[in-house]
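K.L.:
data-v9.txt is reproduced below (compact mmCIF, C-alpha atoms).
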# COMPACT_ATOMS: atom_id res chain seq x y z
CA MET T 1 34.06 22.82 -4.25
CA THR T 2 31.47 20.36 -2.96
CA SER T 3 30.52 20.83 0.67
CA VAL T 4 30.14 17.88 3.02
CA ILE T 5 26.91 16.04 2.20
CA PRO T 6 24.99 14.88 5.29
CA GLU T 7 24.36 11.14 5.58
CA LEU T 8 21.10 9.49 6.57
CA ARG T 9 21.66 6.16 8.30
CA THR T 10 18.19 4.74 9.06
CA VAL T 11 14.77 4.78 7.42
CA ARG T 12 13.47 6.93 10.27
CA ASP T 13 16.10 9.55 9.40
CA LEU T 14 14.10 10.17 6.22
CA ARG T 15 11.46 11.84 8.40
CA GLY T 16 13.76 14.80 8.88
CA VAL T 17 14.01 15.69 5.18
CA SER T 18 11.47 16.89 2.62
CA PHE T 19 12.27 14.24 -0.01
CA GLY T 20 9.01 12.81 -1.35
CA HIS T 21 6.99 13.34 1.81
CA GLN T 22 3.86 15.05 0.55
CA PRO T 23 1.83 14.16 -2.56
CA PRO T 24 2.29 14.68 -5.41
CA ARG T 25 6.00 14.23 -4.52
CA HIS T 26 7.14 10.74 -5.53
CA GLY T 27 10.58 10.42 -3.95
CA LEU T 28 9.85 7.99 -1.12
CA LYS T 29 7.90 5.66 -3.38
CA LEU T 30 10.73 5.88 -5.93
CA LEU T 31 13.23 5.01 -3.20
CA HIS T 32 11.24 1.95 -2.13
CA TRP T 33 11.04 0.73 -5.72
CA PHE T 34 14.77 1.32 -6.21
CA SER T 35 15.68 -0.53 -3.01
CA SER T 36 13.36 -3.50 -3.51
CA GLU T 37 13.51 -3.98 -7.29
CA CYS T 38 16.67 -2.33 -8.57
CA VAL T 39 19.34 -3.29 -6.03
CA ALA T 40 20.63 -6.65 -4.79
CA PHE T 41 23.29 -7.23 -2.14
CA ASP T 42 26.08 -9.69 -2.93
CA ASP T 43 27.84 -11.95 -0.43
CA ASP T 44 30.25 -9.16 0.47
CA GLY T 45 27.43 -6.75 1.25
CA ASP T 46 28.03 -4.66 -1.87
CA MET T 47 25.11 -3.19 -3.81
CA GLU T 48 24.62 -4.48 -7.35
CA LEU T 49 22.42 -2.63 -9.84
CA GLN T 50 19.84 -4.94 -11.42
CA CYS T 51 19.22 -3.00 -14.64
CA ASP T 52 21.20 -1.35 -17.43
CA PRO T 53 21.31 2.44 -16.99
CA ASP T 54 23.20 2.89 -20.26
CA ASP T 55 20.12 1.54 -22.06
CA GLY T 56 17.88 3.99 -20.25
CA ASP T 57 16.10 1.33 -18.20
CA TYR T 58 13.38 2.91 -16.02
CA GLY T 59 14.51 6.36 -17.15
CA PHE T 60 18.08 6.04 -15.83
CA HIS T 61 20.45 8.48 -17.54
CA HIS T 62 23.91 9.91 -17.05
CA TYR T 63 24.31 12.71 -14.51
CA GLY T 64 27.16 15.08 -15.33
CA ASN T 65 27.50 16.77 -11.91
CA TYR T 66 28.21 20.02 -13.75
CA GLU T 67 27.07 22.18 -10.84
CA GLY T 68 29.46 20.36 -8.50
CA LEU T 69 26.66 19.02 -6.33
CA LEU T 70 28.46 15.73 -5.59
CA PRO T 71 32.09 14.71 -5.09
CA THR T 72 34.13 14.57 -8.28
CA LEU T 73 34.81 11.15 -9.79
CA ILE T 74 37.98 12.15 -11.62
CA ASN T 75 40.15 9.88 -9.47
CA CYS T 76 37.56 7.09 -9.27
CA TYR T 77 38.40 5.05 -12.36
CA GLY T 78 35.41 3.35 -13.96
CA TYR T 79 32.78 5.14 -11.87
CA VAL T 80 30.07 7.39 -13.31
CA TYR T 81 26.97 9.07 -11.94
CA PHE T 82 23.49 8.05 -13.06
CA GLU T 83 20.19 9.52 -11.97
CA VAL T 84 16.65 8.15 -11.99
CA GLY T 85 13.29 9.63 -11.10
CA ASN T 86 12.49 11.96 -14.00
CA LEU T 87 8.98 10.81 -14.90
CA ASN T 88 8.78 12.72 -18.18
CA ALA T 89 8.52 9.94 -20.76
CA ASP T 90 9.06 12.38 -23.63
CA THR T 91 12.69 12.81 -22.58
CA HIS T 92 13.14 9.49 -20.74
CA PRO T 93 10.88 6.81 -22.30
CA GLY T 94 12.08 4.14 -19.88
CA ALA T 95 10.31 5.98 -17.06
CA LEU T 96 7.05 4.49 -18.33
CA ASP T 97 8.25 1.14 -16.96
CA LEU T 98 8.28 2.45 -13.41
CA PRO T 99 5.42 0.97 -11.36
CA LYS T 100 2.07 2.70 -11.21
CA TYR T 101 2.42 3.68 -7.56
CA VAL T 102 5.54 5.72 -8.43
CA ARG T 103 4.02 7.39 -11.49
CA GLU T 104 0.39 7.89 -10.47
CA ALA T 105 0.60 11.44 -9.06
CA TYR T 106 2.56 12.55 -12.14
CA ASP T 107 0.13 10.91 -14.56
CA ASN T 108 -2.94 12.29 -12.78
CA ARG T 109 -1.80 15.92 -12.53
CA ARG T 110 -0.76 18.42 -15.15
CA ASN T 111 1.44 21.52 -14.90
CA PHE T 112 2.29 20.82 -11.27
CA TYR T 113 5.98 21.31 -10.59
CA GLU T 114 6.05 19.25 -7.39
CA ARG T 115 5.04 16.05 -9.18
CA ASN T 116 8.46 15.53 -10.82
CA LYS T 117 10.89 17.06 -8.35
CA ASP T 118 12.65 14.11 -6.68
CA ARG T 119 15.66 12.14 -7.92
CA ILE T 120 17.99 9.33 -6.89
CA ILE T 121 21.62 9.61 -8.01
CA ILE T 122 24.07 6.72 -7.82
CA SER T 123 27.80 6.41 -8.39
CA LEU T 124 28.19 3.20 -10.38
CA HIS T 125 31.14 1.16 -11.58
CA ARG T 126 30.19 0.60 -15.20
CA SER T 127 31.84 -2.79 -15.70
CA THR T 128 30.96 -4.47 -12.39
CA LYS T 129 27.57 -2.74 -11.91
CA LEU T 130 28.50 -2.20 -8.26
CA ILE T 131 26.98 0.88 -6.62
CA GLU T 132 29.40 2.87 -4.50
CA GLU T 133 27.07 5.59 -3.20
CA VAL T 134 23.35 6.41 -3.28
CA TYR T 135 22.11 10.00 -2.99
CA ILE T 136 18.66 11.53 -2.85
CA THR T 137 18.07 15.06 -4.05
CA GLU T 138 15.39 17.42 -5.32
CA HIS T 139 15.16 20.25 -7.82
CA GLN T 140 15.25 23.78 -6.50
CA SER T 141 11.98 25.62 -7.00
CA GLY T 142 11.94 27.40 -10.33
CA SER T 143 15.31 25.97 -11.36
CA GLY T 144 16.70 23.02 -13.25
CA ASP T 145 19.49 22.66 -10.69
CA PHE T 146 19.39 20.35 -7.72
CA SER T 147 19.24 21.79 -4.22
CA PRO T 148 22.43 21.34 -2.16
CA ASP T 149 20.32 21.69 0.99
CA GLY T 150 18.01 18.91 -0.20
CA THR T 151 20.78 16.45 -1.07
CA TYR T 152 21.68 13.54 1.22
CA LEU T 153 23.88 10.47 1.14
CA LEU T 154 22.05 7.27 2.09
CA SER T 155 23.65 4.45 4.03
CA SER T 156 23.48 0.96 2.59
CA ASP T 157 21.40 0.03 5.66
CA ILE T 158 18.59 2.27 4.43
CA ILE T 159 18.64 0.58 1.03
CA ARG T 160 18.71 -2.89 2.59
CA ASP T 161 15.94 -2.15 5.10
CA ALA T 162 13.70 -0.37 2.59
CA GLY T 163 14.09 -3.28 0.18
CA ASN T 164 12.97 -5.74 2.85
CA MET T 165 9.87 -3.75 3.88
CA GLN T 166 6.41 -3.67 2.41
CA LEU T 167 5.72 -0.37 0.66
CA ILE T 168 3.07 0.77 3.12
CA ASP T 169 5.29 -0.05 6.11
CA PHE T 170 8.23 1.79 4.56
CA LEU T 171 6.15 4.90 3.85
CA GLN T 172 4.81 4.92 7.40
CA ARG T 173 8.29 4.49 8.90
CA ALA T 174 9.73 7.20 6.65
CA GLY T 175 6.97 9.67 7.54
CA PHE T 176 4.97 9.88 4.32
CA GLU T 177 2.31 12.48 5.14
CA LEU T 178 -0.91 10.77 4.12
CA VAL T 179 0.06 7.48 5.66
CA MET T 180 1.05 9.14 8.93
CA SER T 181 -2.30 10.87 9.15
CA LEU T 182 -4.02 7.50 9.18
CA VAL T 183 -2.35 6.36 12.38
CA ASP T 184 -1.80 7.69 15.87
CA SER T 185 0.08 10.94 16.32
CA ASP T 186 3.38 9.40 17.41
CA GLY T 187 3.55 7.34 14.23
CA GLU T 188 3.74 3.97 15.95
CA GLY T 189 0.65 2.49 14.30
CA SER T 190 0.90 -0.26 11.74
CA LEU T 191 -0.58 -0.09 8.27
CA SER T 192 -0.31 -3.78 7.54
CA SER T 193 -2.84 -5.09 5.04
CA ASN T 194 -3.59 -7.94 7.44
CA SER T 195 -6.88 -7.00 9.07
CA SER T 196 -6.18 -8.90 12.29
CA GLU T 197 -2.99 -6.90 12.85
CA GLN T 198 -4.98 -3.68 12.60
CA SER T 199 -7.66 -4.57 15.10
CA ASP T 200 -5.92 -3.07 18.15
CA GLN T 201 -5.35 0.35 16.56
CA THR T 202 -8.05 2.29 18.42
CA ASP T 203 -7.20 5.58 16.70
CA ALA T 204 -7.21 4.01 13.26
CA PRO T 205 -10.02 4.31 10.70
CA GLN T 206 -12.92 1.95 11.31
CA LEU T 207 -14.43 0.24 8.27
CA GLU T 208 -17.30 -2.20 8.44
CA VAL T 209 -19.97 -3.99 6.42
CA ARG T 210 -23.37 -3.96 8.10
CA THR T 211 -26.85 -5.13 7.22
CA GLY T 212 -28.82 -2.70 5.10
CA ARG T 213 -32.40 -2.69 3.94
CA GLY T 214 -33.57 -5.56 1.78
CA GLY T 215 -30.57 -7.70 2.65
CA HIS T 216 -28.08 -5.38 0.96
CA ALA T 217 -24.60 -4.52 2.19
CA LEU T 218 -24.30 -1.24 4.10
CA VAL T 219 -20.79 0.25 3.87
CA THR T 220 -19.86 2.21 7.01
CA TRP T 221 -16.79 4.17 8.04
CA TRP T 222 -15.76 6.40 10.94
CA GLY T 223 -12.60 7.78 12.50
CA VAL T 224 -11.02 8.77 9.17
CA HIS T 225 -8.60 11.66 9.60
CA GLU T 226 -10.06 14.94 8.34
CA GLY T 227 -7.01 15.64 6.18
CA VAL T 228 -7.45 12.28 4.47
CA ALA T 229 -11.23 12.34 4.06
CA HIS T 230 -11.09 15.15 1.48
CA ASN T 231 -9.01 13.01 -0.86
CA ALA T 232 -10.20 9.49 -0.14
CA TRP T 233 -12.77 6.88 -1.04
CA VAL T 234 -13.89 3.53 0.30
CA GLY T 235 -14.59 0.42 -1.72
CA LEU T 236 -16.50 -2.80 -1.19
CA PHE T 237 -14.82 -6.12 -2.01
CA ARG T 238 -16.01 -9.73 -2.03
CA VAL T 239 -13.22 -11.09 0.19
CA ASP T 240 -9.91 -9.97 1.69
CA THR T 241 -7.92 -11.88 -0.95
CA GLU T 242 -9.47 -9.95 -3.86
CA PRO T 243 -7.01 -7.52 -5.52
CA ASP T 244 -7.62 -3.78 -5.15
CA GLU T 245 -8.65 -3.61 -8.81
CA SER T 246 -11.70 -5.83 -8.18
CA CYS T 247 -13.81 -3.25 -6.38
CA LEU T 248 -17.59 -3.84 -6.40
CA VAL T 249 -18.64 -0.34 -5.27
CA LYS T 250 -16.71 2.93 -4.82
CA ILE T 251 -17.87 5.68 -2.45
CA ARG T 252 -16.05 9.03 -2.40
CA LEU T 253 -15.87 10.44 1.12
CA GLY T 254 -15.89 14.10 0.05
CA GLY T 255 -14.53 15.21 3.41
CA ARG T 256 -16.86 13.03 5.49
CA THR T 257 -14.86 11.48 8.31
CA SER T 258 -17.76 9.14 9.09
CA GLY T 259 -20.81 7.95 7.24
CA SER T 260 -22.57 5.07 5.56
CA TYR T 261 -23.71 4.08 2.10
CA GLU T 262 -26.30 1.48 1.21
CA THR T 263 -25.27 -0.57 -1.79
CA SER T 264 -27.23 -2.88 -4.06
CA GLU T 265 -24.83 -5.74 -3.33
CA PRO T 266 -26.46 -8.64 -1.44
CA LEU T 267 -24.96 -9.54 1.91
CA ASN T 268 -22.52 -12.43 1.74
CA HIS T 269 -19.84 -13.86 3.96
CA GLY T 270 -16.42 -12.27 3.40
CA LEU T 271 -17.47 -8.81 2.17
CA GLN T 272 -14.91 -6.18 3.13
CA VAL T 273 -14.51 -2.38 3.10
CA ARG T 274 -11.16 -0.82 2.16
CA LEU T 275 -9.93 2.78 2.36
CA PHE T 276 -8.06 4.43 -0.51
CA THR T 277 -6.55 7.86 -1.11
CA HIS T 278 -6.44 9.56 -4.50
CA PHE T 279 -2.64 9.74 -4.30
CA LEU T 280 -1.98 6.04 -3.73
CA GLY T 281 -3.03 3.27 -6.07
CA TYR T 282 -3.62 0.69 -3.35
CA SER T 283 -5.72 0.34 -0.21
CA VAL T 284 -4.19 1.95 2.88
CA TRP T 285 -6.55 0.33 5.39
CA ARG T 286 -8.87 -2.66 5.43
CA GLY T 287 -11.82 -3.51 7.60
CA PRO T 288 -12.71 -7.01 8.81
CA GLU T 289 -14.50 -9.44 6.54
CA PHE T 290 -18.24 -9.64 7.08
CA ASP T 291 -19.17 -12.67 9.16
CA ALA T 292 -22.38 -14.20 7.81
CA THR T 293 -23.10 -15.69 11.24
CA CYS T 294 -22.30 -12.46 13.15
CA GLY T 295 -19.88 -14.54 15.18
CA ILE T 296 -22.68 -16.53 16.81
CA GLY T 297 -22.26 -20.29 16.86
CA PRO T 298 -24.98 -22.95 16.57
CA THR T 299 -27.74 -22.87 19.21
CA SER T 300 -28.66 -26.17 20.83
CA ILE T 301 -32.20 -27.46 20.31
CA VAL T 302 -33.65 -28.31 23.72
CA GLY T 303 -34.35 -32.01 24.09
CA PHE T 304 -32.46 -33.11 20.99
CA PRO T 305 -28.78 -33.80 20.16
CA ALA T 306 -28.90 -31.13 17.48
CA ALA T 307 -28.35 -27.41 16.93
CA LEU T 308 -29.45 -24.63 14.57
CA GLN T 309 -27.38 -21.79 13.16
CA LEU T 310 -28.61 -18.67 11.39
CA TYR T 311 -26.50 -17.12 8.63
CA THR T 312 -26.79 -14.77 5.67
CA GLU T 313 -26.31 -15.75 2.04
CA HIS T 314 -27.11 -13.63 -1.03
CA GLY T 315 -28.96 -11.19 1.20
CA HIS T 316 -31.34 -13.78 2.65
CA ALA T 317 -31.54 -15.44 6.05
CA HIS T 318 -30.73 -19.15 6.10
CA THR T 319 -30.44 -21.84 8.74
CA ARG T 320 -28.13 -24.79 9.14
CA LEU T 321 -29.16 -27.87 11.09
CA TYR T 322 -26.39 -29.74 12.90
CA ILE T 323 -27.12 -33.26 14.17
CA ARG T 324 -25.05 -35.89 15.90
CA LYS T 325 -24.45 -39.14 14.05
CA SER T 326 -26.16 -41.03 16.86
CA PHE T 327 -29.40 -39.12 16.21
CA ILE T 328 -30.57 -41.52 13.50
CA ASP T 329 -34.31 -40.70 13.60
CA TRP T 330 -33.83 -36.96 13.19
CA ARG T 331 -35.87 -36.90 9.97
CA SER T 332 -39.04 -38.11 11.65
CA SER T 333 -38.39 -35.97 14.74
CA PHE T 334 -38.08 -32.80 12.67
CA TYR T 335 -40.50 -33.81 9.93
CA TYR T 336 -42.61 -30.70 10.33
CA SER T 337 -39.65 -28.35 10.73
CA VAL T 338 -38.67 -25.91 8.01
CA ARG T 339 -35.05 -26.55 7.14
CA GLN T 340 -32.74 -25.18 4.48
CA ARG T 341 -29.73 -27.41 4.92
CA TYR T 342 -28.40 -30.02 7.29
CA THR T 343 -24.92 -31.12 8.21
CA GLN T 344 -24.06 -34.32 10.05
CA LYS T 345 -21.18 -34.39 12.51
Mind turning this structure into structure tokens?

P.N.:
Amino acid sequence: MTSVIPELRTVRDLRGVSFGHQPPRHGLKLLHWFSSECVAFDDDGDMELQCDPDDGDYGFHHYGNYEGLLPTLINCYGYVYFEVGNLNADTHPGALDLPKYVREAYDNRRNFYERNKDRIIISLHRSTKLIEEVYITEHQSGSGDFSPDGTYLLSSDIIRDAGNMQLIDFLQRAGFELVMSLVDSDGEGSLSSNSSEQSDQTDAPQLEVRTGRGGHALVTWWGVHEGVAHNAWVGLFRVDTEPDESCLVKIRLGGRTSGSYETSEPLNHGLQVRLFTHFLGYSVWRGPEFDATCGIGPTSIVGFPAALQLYTEHGHAHTRLYIRKSFIDWRSSFYYSVRQRYTQK
């Protein structure tokens, strides 16, 4: 007879269980995908499945509940159990359609039991595609059976909240180990990809582009957690809006919590350093964009209604000349001046 299955009611409750918390475990990332891409809430607040499990979409397949892990569905007409999360494409080809961030630890490691341990099981009404219950579970070590002690019922609030959160925010809230190690010890830091939102995190990693020799970009980092630095790298990008795949230079940290690396990339406005871990296929922290003016505005030219500004472009120093429209004889006044560019205002 099935024992009472404990229920988790909030995303933070996921911190108290082992489901998908430590790489190469994939459960929490699987749960975020399921909540954000596979479930929709109707006007009555019921959960509707957005794929066809009978066709094996995303590796969904029937779960027989032969070990009596979950409540019996004998008296629940039309309901069946389906499970998802088995990443073995030889037995479940649809699993190849799961996003890269769910599959990456499995694809990058071989003969590692932990990489394919987590599952989501749903009770589904076949005709209406309405989900009655959502469970998370994990295989027992050395066994094909699921662990009763690692099985939990999830409230619909968890599914709704997870589906409305960005992946990195969900992982941080749920206590994913590598993400937590990037923020302060009480877990209240934010891992938003917006650099301005990160600026007040004093315990967070610091990433910066500085001026190197010959006008090249110098990538610098410090304050990276020791546990992260052994499995992390930093990359240089042209601007904040560039996708993570468009990396100009990659530098493996190799355990170094701080350091610098001189690149051959010329200094330009907008260059940015991002931090990655080997277990996640996206940047987990971003530094500020390089400011070609170093944040210094134009300097007034004494005796003239004009100003000069220094800036960097393609690794070289440049100047801009700003003049007021009323300064009509500026050409003759500055005839002997060396100027790169002028801008009227």

K.L.:
For Thr91 (chain T), list every protein, DNA or RNA residue within 12 Å, evaluated using only C-alpha atoms, and leave out those in the same chain fewer than 6 positions away; present the list as a list in words.

P.N.:
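Residues near the query, excluding close chain neighbours: Gly56, Tyr58, Gly59, Phe60, His61 and Gly85 of chain T.
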
K.L.:
Name the residues in contact with region 10-20 of chain T at a cut-off of 6 Å, using all atoms listed in the file, excluding same-chain residues fewer than 2 positions from it; report them as number ranges by chain.

P.N.:
T: 8, 22, 25-28, 158, 173-175

K.L.:
Please define a box with edges along x, y and z of the file around all atoms of region 71-88 of chain T given in the file, extend it by 8 Å on each side, and return its centre and edge lengths in Å to one decimal, as lines of an AutoDock Vina configuration file.

P.N.:
center_x = 24.5
center_y = 9.0
center_z = -11.6
size_x = 47.4
size_y = 27.4
size_z = 29.1

K.L.:
Counting all atoms listed in the file, what is within 10 Å of region 112-118 of chain T, bar same-chain residues fewer than 3 positions away, as a CSV table (one decimal) with C-alpha atoms, keeping the file's coordinate frame?

P.N.:
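The result, stored in selection09.csv:
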chain,number,residue,atom,x,y,z
T,18,SER,CA,11.5,16.9,2.6
T,19,PHE,CA,12.3,14.2,0.0
T,20,GLY,CA,9.0,12.8,-1.4
T,22,GLN,CA,3.9,15.0,0.6
T,23,PRO,CA,1.8,14.2,-2.6
T,24,PRO,CA,2.3,14.7,-5.4
T,25,ARG,CA,6.0,14.2,-4.5
T,26,HIS,CA,7.1,10.7,-5.5
T,27,GLY,CA,10.6,10.4,-4.0
T,28,LEU,CA,9.8,8.0,-1.1
T,30,LEU,CA,10.7,5.9,-5.9
T,31,LEU,CA,13.2,5.0,-3.2
T,84,VAL,CA,16.6,8.2,-12.0
T,85,GLY,CA,13.3,9.6,-11.1
T,86,ASN,CA,12.5,12.0,-14.0
T,87,LEU,CA,9.0,10.8,-14.9
T,88,ASN,CA,8.8,12.7,-18.2
T,103,ARG,CA,4.0,7.4,-11.5
T,104,GLU,CA,0.4,7.9,-10.5
T,105,ALA,CA,0.6,11.4,-9.1
T,106,TYR,CA,2.6,12.6,-12.1
T,107,ASP,CA,0.1,10.9,-14.6
T,108,ASN,CA,-2.9,12.3,-12.8
T,109,ARG,CA,-1.8,15.9,-12.5
T,136,ILE,CA,18.7,11.5,-2.8
T,137,THR,CA,18.1,15.1,-4.0
T,138,GLU,CA,15.4,17.4,-5.3
T,139,HIS,CA,15.2,20.2,-7.8
T,140,GLN,CA,15.2,23.8,-6.5
T,141,SER,CA,12.0,25.6,-7.0
T,142,GLY,CA,11.9,27.4,-10.3
T,144,GLY,CA,16.7,23.0,-13.2
T,146,PHE,CA,19.4,20.4,-7.7
T,150,GLY,CA,18.0,18.9,-0.2

K.L.:
Tell me which of T:Phe237, T:Tyr311, T:Tyr322, T:Phe82 sits closest to Asp291 (chain T), counting all atoms listed in the file.

P.N.:
T:Tyr311

K.L.:
So, counting only C-alpha atoms, which residue among T:Pro305, T:Pro6, T:Gly315, T:Pro298 is closest to Thr263 (chain T)?

P.N.:
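Among the listed residues, the smallest separation from Thr263 (chain T) belongs to T:Gly315.
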
K.L.:
From the list T:Gln309, T:Thr72, T:Ser155, T:Ser260, which residue is nearest Ile296 (chain T) when using all atoms listed in the file?

P.N.:
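Nearest to Ile296 (chain T): T:Gln309.
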
K.L.:
Extract, using all atoms listed in the file, all DNA, RNA and protein residues at most 10 Å from Ser3 (chain T), discarding same-chain residues fewer than 4 positions from it, and format them as a list in words.

P.N.:
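Here the qualifying residues turn out to be Gly68, Leu69, Leu70, Pro71 and Pro148 of chain T.
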
K.L.:
What's the separation between CA of Val273 (chain T) and CA of Thr299 (chain T), in Å to one decimal place?

P.N.:
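Between these atoms lies a distance of 29.2 Å.
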
K.L.:
For Arg238 (chain T), work out the shell of residues within 7 Å, counting only C-alpha atoms and skipping chain neighbours fewer than 3 positions away, then give it as number ranges by chain.

P.N.:
T: 242, 270-272

K.L.:
Between CA of Lys29 (chain T) and CA of Gln166 (chain T), what is the distance, to one decimal in Å?

P.N.:
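Taking CA of Lys29 (chain T) as the start and CA of Gln166 (chain T) as the end point, the length is 11.1 Å.
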
K.L.:
When distances are computed from all atoms listed in the file, which of T:Ser332, T:Thr151, T:Ser36, T:Thr211 shows the smallest separation from Ser264 (chain T)?

P.N.:
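Smallest distance to Ser264 (chain T) is found for T:Thr211.
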
K.L.:
Using all atoms listed in the file, which residue out of T:Glu289, T:Asp161, T:Glu262, T:Glu208 lies closest to Trp222 (chain T)?

P.N.:
T:Glu208

K.L.:
Which of these residues is nearest to Phe34 (chain T), using only C-alpha atoms: T:Ala217, T:Val102, T:Leu73, T:Ile5?

P.N.:
T:Val102

K.L.:
Kindly extract all protein, DNA and RNA residues lying within 6 Å of the coordinates (23.8, 12.4, -11.1) given in the file, considering all atoms listed in the file, and supply them as an MDAnalysis selection string.

P.N.:
chainID T and resid 63 65 81:83 121

K.L.:
Rounded to one decimal in Å, what is the spacing between CA of Arg119 (chain T) and CA of Cys76 (chain T)?

P.N.:
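Taking CA of Arg119 (chain T) as the start and CA of Cys76 (chain T) as the end point, the length is 22.5 Å.
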
K.L.:
Hey, can you pull every residue with an atom no more than 8 Å from (-23.4, -5.6, 4.1), using only C-alpha atoms, and send it as a ChimeraX atom specification?

P.N.:
/T:209-212,215-219,263,265-268,271,290

K.L.:
Using C-alpha atoms, can you export the residues from the last selection as a short mmCIF file (atom, residue, chain, number, x, y, z; two decimals), in the frame of the given file?

P.N.:
data_model
loop_
_atom_site.label_atom_id
_atom_site.label_comp_id
_atom_site.auth_asym_id
_atom_site.auth_seq_id
_atom_site.Cartn_x
_atom_site.Cartn_y
_atom_site.Cartn_z
CA VAL T 209 -19.97 -3.99 6.42
CA ARG T 210 -23.37 -3.96 8.10
CA THR T 211 -26.85 -5.13 7.22
CA GLY T 212 -28.82 -2.70 5.10
CA GLY T 215 -30.57 -7.70 2.65
CA HIS T 216 -28.08 -5.38 0.96
CA ALA T 217 -24.60 -4.52 2.19
CA LEU T 218 -24.30 -1.24 4.10
CA VAL T 219 -20.79 0.25 3.87
CA THR T 263 -25.27 -0.57 -1.79
CA GLU T 265 -24.83 -5.74 -3.33
CA PRO T 266 -26.46 -8.64 -1.44
CA LEU T 267 -24.96 -9.54 1.91
CA ASN T 268 -22.52 -12.43 1.74
CA LEU T 271 -17.47 -8.81 2.17
CA PHE T 290 -18.24 -9.64 7.08
#

K.L.:
Starting from the incomplete input, reconstruct N, CA, C and O atoms of region 137-149 of chain T and report them as a PDB file, in the frame of the given file.

P.N.:
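Once everything was written out, this is selection11.pdb:
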ATOM      1  N   THR T 137      18.017  13.616  -3.872  1.00  0.00           N
ATOM      2  CA  THR T 137      18.070  15.060  -4.050  1.00  0.00           C
ATOM      3  C   THR T 137      16.753  15.535  -4.639  1.00  0.00           C
ATOM      4  O   THR T 137      15.871  14.724  -4.965  1.00  0.00           O
ATOM      5  N   GLU T 138      16.612  16.836  -4.777  1.00  0.00           N
ATOM      6  CA  GLU T 138      15.390  17.420  -5.320  1.00  0.00           C
ATOM      7  C   GLU T 138      15.743  18.695  -6.069  1.00  0.00           C
ATOM      8  O   GLU T 138      16.738  19.366  -5.761  1.00  0.00           O
ATOM      9  N   HIS T 139      14.934  19.016  -7.069  1.00  0.00           N
ATOM     10  CA  HIS T 139      15.160  20.250  -7.820  1.00  0.00           C
ATOM     11  C   HIS T 139      14.806  21.462  -6.970  1.00  0.00           C
ATOM     12  O   HIS T 139      13.848  21.440  -6.188  1.00  0.00           O
ATOM     13  N   GLN T 140      15.588  22.520  -7.136  1.00  0.00           N
ATOM     14  CA  GLN T 140      15.250  23.780  -6.500  1.00  0.00           C
ATOM     15  C   GLN T 140      14.027  24.372  -7.197  1.00  0.00           C
ATOM     16  O   GLN T 140      13.858  24.227  -8.405  1.00  0.00           O
ATOM     17  N   SER T 141      13.184  25.019  -6.428  1.00  0.00           N
ATOM     18  CA  SER T 141      11.980  25.620  -7.000  1.00  0.00           C
ATOM     19  C   SER T 141      12.349  26.633  -8.068  1.00  0.00           C
ATOM     20  O   SER T 141      13.199  27.502  -7.855  1.00  0.00           O
ATOM     21  N   GLY T 142      11.715  26.471  -9.230  1.00  0.00           N
ATOM     22  CA  GLY T 142      11.940  27.400 -10.330  1.00  0.00           C
ATOM     23  C   GLY T 142      13.283  27.268 -10.995  1.00  0.00           C
ATOM     24  O   GLY T 142      13.717  28.174 -11.709  1.00  0.00           O
ATOM     25  N   SER T 143      13.974  26.143 -10.787  1.00  0.00           N
ATOM     26  CA  SER T 143      15.310  25.970 -11.360  1.00  0.00           C
ATOM     27  C   SER T 143      15.493  24.539 -11.819  1.00  0.00           C
ATOM     28  O   SER T 143      14.885  23.610 -11.295  1.00  0.00           O
ATOM     29  N   GLY T 144      16.366  24.360 -12.804  1.00  0.00           N
ATOM     30  CA  GLY T 144      16.700  23.020 -13.250  1.00  0.00           C
ATOM     31  C   GLY T 144      17.816  22.395 -12.447  1.00  0.00           C
ATOM     32  O   GLY T 144      18.160  21.230 -12.651  1.00  0.00           O
ATOM     33  N   ASP T 145      18.401  23.177 -11.524  1.00  0.00           N
ATOM     34  CA  ASP T 145      19.490  22.660 -10.690  1.00  0.00           C
ATOM     35  C   ASP T 145      18.937  21.935  -9.472  1.00  0.00           C
ATOM     36  O   ASP T 145      17.828  22.205  -9.012  1.00  0.00           O
ATOM     37  N   PHE T 146      19.756  21.028  -8.952  1.00  0.00           N
ATOM     38  CA  PHE T 146      19.390  20.350  -7.720  1.00  0.00           C
ATOM     39  C   PHE T 146      19.764  21.202  -6.514  1.00  0.00           C
ATOM     40  O   PHE T 146      20.703  22.001  -6.560  1.00  0.00           O
ATOM     41  N   SER T 147      19.035  21.002  -5.438  1.00  0.00           N
ATOM     42  CA  SER T 147      19.240  21.790  -4.220  1.00  0.00           C
ATOM     43  C   SER T 147      20.327  21.159  -3.354  1.00  0.00           C
ATOM     44  O   SER T 147      20.172  20.017  -2.908  1.00  0.00           O
ATOM     45  N   PRO T 148      21.412  21.876  -3.078  1.00  0.00           N
ATOM     46  CA  PRO T 148      22.430  21.340  -2.160  1.00  0.00           C
ATOM     47  C   PRO T 148      21.855  21.051  -0.775  1.00  0.00           C
ATOM     48  O   PRO T 148      22.250  20.078  -0.123  1.00  0.00           O
ATOM     49  N   ASP T 149      20.910  21.890  -0.338  1.00  0.00           N
ATOM     50  CA  ASP T 149      20.320  21.690   0.990  1.00  0.00           C
ATOM     51  C   ASP T 149      19.354  20.512   1.022  1.00  0.00           C
ATOM     52  O   ASP T 149      18.984  20.052   2.107  1.00  0.00           O
TER      53      ASP T 149
END
